[in-house]
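Data first, discussion second: the structure below is written as structure tokens.
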Amino acid sequence: MTQFIFKNIGQRIVLLFFVSIISHAIVHLAPGEPSLVDPSNPRMKAEDIQRIRAAFHLDEPLHVQYVYWMKDLFTAELRSFKDNQPVLKKIWDRFLNSLPLFIVGTLIIWFLAFPVGIQAALHRGSIFDKLGTFLSYALISIPGFFLSYICIIFMVKTFNVPVIGMRTFGLENASLMLRSMDRVWHWTIPAFMSAVAGVAILSRYVRSQMLEVINQDYIRTARAKGLSEDTVIYRHGLRNA
């Protein structure tokens, strides 16, 4: 097991190394000049551009730039071309908004996918199962941006749900309860959209796994012992699915 773990870690390190090389090359091969982050700025002079190029080692050969880039990455010194601010700070500011959305979206996936998948397996071939299968494939197939527009139009017109920002400005001095509810209200559409595909995929997976389990001998034995259906399904079936 230890050998497998270290082998797996080594493979991932090698993979990340090659991905970093490809990513670095794509950035430099793409059209445009990194030092011209704001070409429309009339105050940008030739000496300013040269200073930016020197600060970010853009005058060095590509492989030397890669070495500096990796050094800055491991020393947490990566900075933005545009405003020279630390990249980690920019990531952290956005991470604080992304993490709650990820948590809420994951909870929505779990609370919807498992019941839907279990019921679809228990009532295989029923209208519920067929409808669930149709909706799952539809939600997986529909482009996310299109579904987002439909959701925004429906939610805004029906429930007046905000679609911009993470909070309502002007509530900084409101009570903790009011500010918390305001955050949740702003999370509604993003969290729902992040969970749609996950619910469709996970519910299909739970259904297929439950179909394999519910016909096993130990499930029949549990039913023969007189255990309740909920105990048989959730304690014996779902645990082994």
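Labels used: A, B, ... for chains in the order of the structure tokens, numbers from 1 for residues in each chain, and numbers from 1 for ligands as shown.
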task: Would you mind writing down, as a PyMOL selection string, each residue of segment 52-234 of chain A that DSSP on the backbone assigns to alpha helix (DSSP H)?
output: chain A and resi 52-55+62-74+87-122+127-141+144-159+176-213+217-224+229-230
Do you know which residues are at most 9 Å from Pro162 of chain A counting only C-alpha atoms, after dropping those on the same chain fewer than 6 positions away, and could you put them as a compact mmCIF listing (two decimals) with C-alpha atoms, in the first residue's frame?
```
# COMPACT_ATOMS: atom_id res chain seq x y z
CA ILE A 152 -31.80 33.84 -13.89
CA MET A 155 -35.76 33.30 -10.42
CA VAL A 156 -35.50 37.07 -10.84
CA THR A 168 -26.51 43.67 -0.54
CA TRP A 185 -30.27 34.76 -0.73
CA HIS A 186 -27.37 35.76 -3.00
CA TRP A 187 -26.04 32.18 -3.05
CA THR A 188 -29.30 30.71 -4.36
CA ILE A 189 -28.70 30.78 -8.13
```
- request: For Ser136 of chain A, please output as a PyMOL selection string all residues within 10 Å (counting only C-alpha atoms; exclusion window: fewer than 4 positions along the same chain).
  value: chain A and resi 130-132+140-141+196-204
Give me a file of those residues, with C-alpha atoms, as a compact mmCIF listing (two decimals), in the first residue's frame.
```txt
# COMPACT_ATOMS: atom_id res chain seq x y z
CA LYS A 130 -38.16 7.24 -16.25
CA LEU A 131 -38.71 10.91 -15.43
CA GLY A 132 -35.56 10.96 -13.30
CA ILE A 140 -26.16 16.82 -18.22
CA SER A 141 -26.67 17.67 -21.91
CA VAL A 196 -27.40 20.75 -11.21
CA ALA A 197 -24.95 18.58 -13.12
CA GLY A 198 -23.70 16.97 -9.90
CA VAL A 199 -27.21 15.91 -8.89
CA ALA A 200 -27.84 14.42 -12.34
CA ILE A 201 -24.57 12.46 -12.41
CA LEU A 202 -24.53 11.29 -8.79
CA SER A 203 -28.20 10.23 -8.83
CA ARG A 204 -27.50 8.01 -11.87
```
Residues of segment 91-188 of chain A that have any atom at most 12 Å from an atom of segment 207-228 of chain A: could you tabulate them with the shortest-distance atom pair and the distance in Å to one decimal, using only C-alpha atoms, ordered by chain and increasing number, as CSV?
```
residue,atom,partner,partner_atom,distance
A:Ala113,CA,A:Arg207,CA,9.3
A:Phe114,CA,A:Arg207,CA,8.4
A:Pro115,CA,A:Arg207,CA,9.5
A:Val116,CA,A:Arg207,CA,8.1
A:Gly117,CA,A:Arg207,CA,4.3
A:Ile118,CA,A:Arg207,CA,5.7
A:Gln119,CA,A:Arg207,CA,7.9
A:Ala120,CA,A:Arg207,CA,6.2
A:Ala121,CA,A:Arg207,CA,5.0
A:Leu122,CA,A:Leu211,CA,7.7
A:His123,CA,A:Leu211,CA,10.0
A:Arg124,CA,A:Leu211,CA,8.5
A:Gly125,CA,A:Leu211,CA,11.7
A:Asp129,CA,A:Arg207,CA,9.3
A:Lys130,CA,A:Arg207,CA,11.9
A:Gly132,CA,A:Arg207,CA,10.2
A:Thr133,CA,A:Arg207,CA,9.8
A:Ser136,CA,A:Arg207,CA,11.6
```
Export, as a CSV table (one decimal), in the first residue's frame, the selected residues with N, CA and C atoms.
```csv
chain,number,residue,atom,x,y,z
A,113,ALA,N,-29.4,14.1,-4.7
A,113,ALA,CA,-28.9,12.9,-5.5
A,113,ALA,C,-29.2,11.6,-4.9
A,114,PHE,N,-28.9,11.5,-3.6
A,114,PHE,CA,-29.1,10.2,-2.9
A,114,PHE,C,-30.5,9.7,-2.8
A,115,PRO,N,-31.4,10.6,-2.4
A,115,PRO,CA,-32.9,10.2,-2.3
A,115,PRO,C,-33.4,9.8,-3.7
A,116,VAL,N,-33.1,10.7,-4.7
A,116,VAL,CA,-33.6,10.4,-6.1
A,116,VAL,C,-33.0,9.1,-6.6
A,117,GLY,N,-31.7,8.9,-6.5
A,117,GLY,CA,-31.1,7.7,-7.0
A,117,GLY,C,-31.6,6.4,-6.3
A,118,ILE,N,-31.8,6.5,-5.0
A,118,ILE,CA,-32.4,5.3,-4.2
A,118,ILE,C,-33.8,5.0,-4.6
A,119,GLN,N,-34.6,6.0,-4.7
A,119,GLN,CA,-36.0,5.8,-5.1
A,119,GLN,C,-36.1,5.3,-6.5
A,120,ALA,N,-35.3,5.8,-7.4
A,120,ALA,CA,-35.3,5.4,-8.8
A,120,ALA,C,-34.9,3.9,-8.9
A,121,ALA,N,-34.0,3.5,-8.0
A,121,ALA,CA,-33.6,2.0,-8.0
A,121,ALA,C,-34.7,1.2,-7.4
A,122,LEU,N,-35.3,1.6,-6.4
A,122,LEU,CA,-36.4,0.8,-5.7
A,122,LEU,C,-37.6,0.7,-6.6
A,123,HIS,N,-37.8,1.7,-7.4
A,123,HIS,CA,-39.0,1.7,-8.3
A,123,HIS,C,-38.6,1.7,-9.8
A,124,ARG,N,-37.7,0.7,-10.1
A,124,ARG,CA,-37.2,0.7,-11.4
A,124,ARG,C,-38.3,0.4,-12.4
A,125,GLY,N,-38.2,1.2,-13.5
A,125,GLY,CA,-39.2,1.1,-14.6
A,125,GLY,C,-40.5,2.0,-14.3
A,129,ASP,N,-38.8,6.8,-12.1
A,129,ASP,CA,-37.5,6.3,-12.6
A,129,ASP,C,-37.3,6.9,-14.0
A,130,LYS,N,-38.3,6.8,-14.9
A,130,LYS,CA,-38.2,7.2,-16.2
A,130,LYS,C,-38.0,8.8,-16.3
A,132,GLY,N,-36.9,10.6,-13.9
A,132,GLY,CA,-35.6,11.0,-13.3
A,132,GLY,C,-34.4,10.7,-14.3
A,133,THR,N,-34.6,9.6,-15.1
A,133,THR,CA,-33.6,9.4,-16.1
A,133,THR,C,-33.6,10.4,-17.2
A,136,SER,N,-32.1,13.7,-15.8
A,136,SER,CA,-30.7,13.6,-15.5
A,136,SER,C,-29.9,13.8,-16.8
```
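Here atom CA of Arg167 of chain A stands at a distance of 12.8 Å from atom CA of Pro100 of chain A.
A straight line drawn from atom CA of Met70 of chain A to atom CA of Gln11 of chain A is 18.9 Å long.
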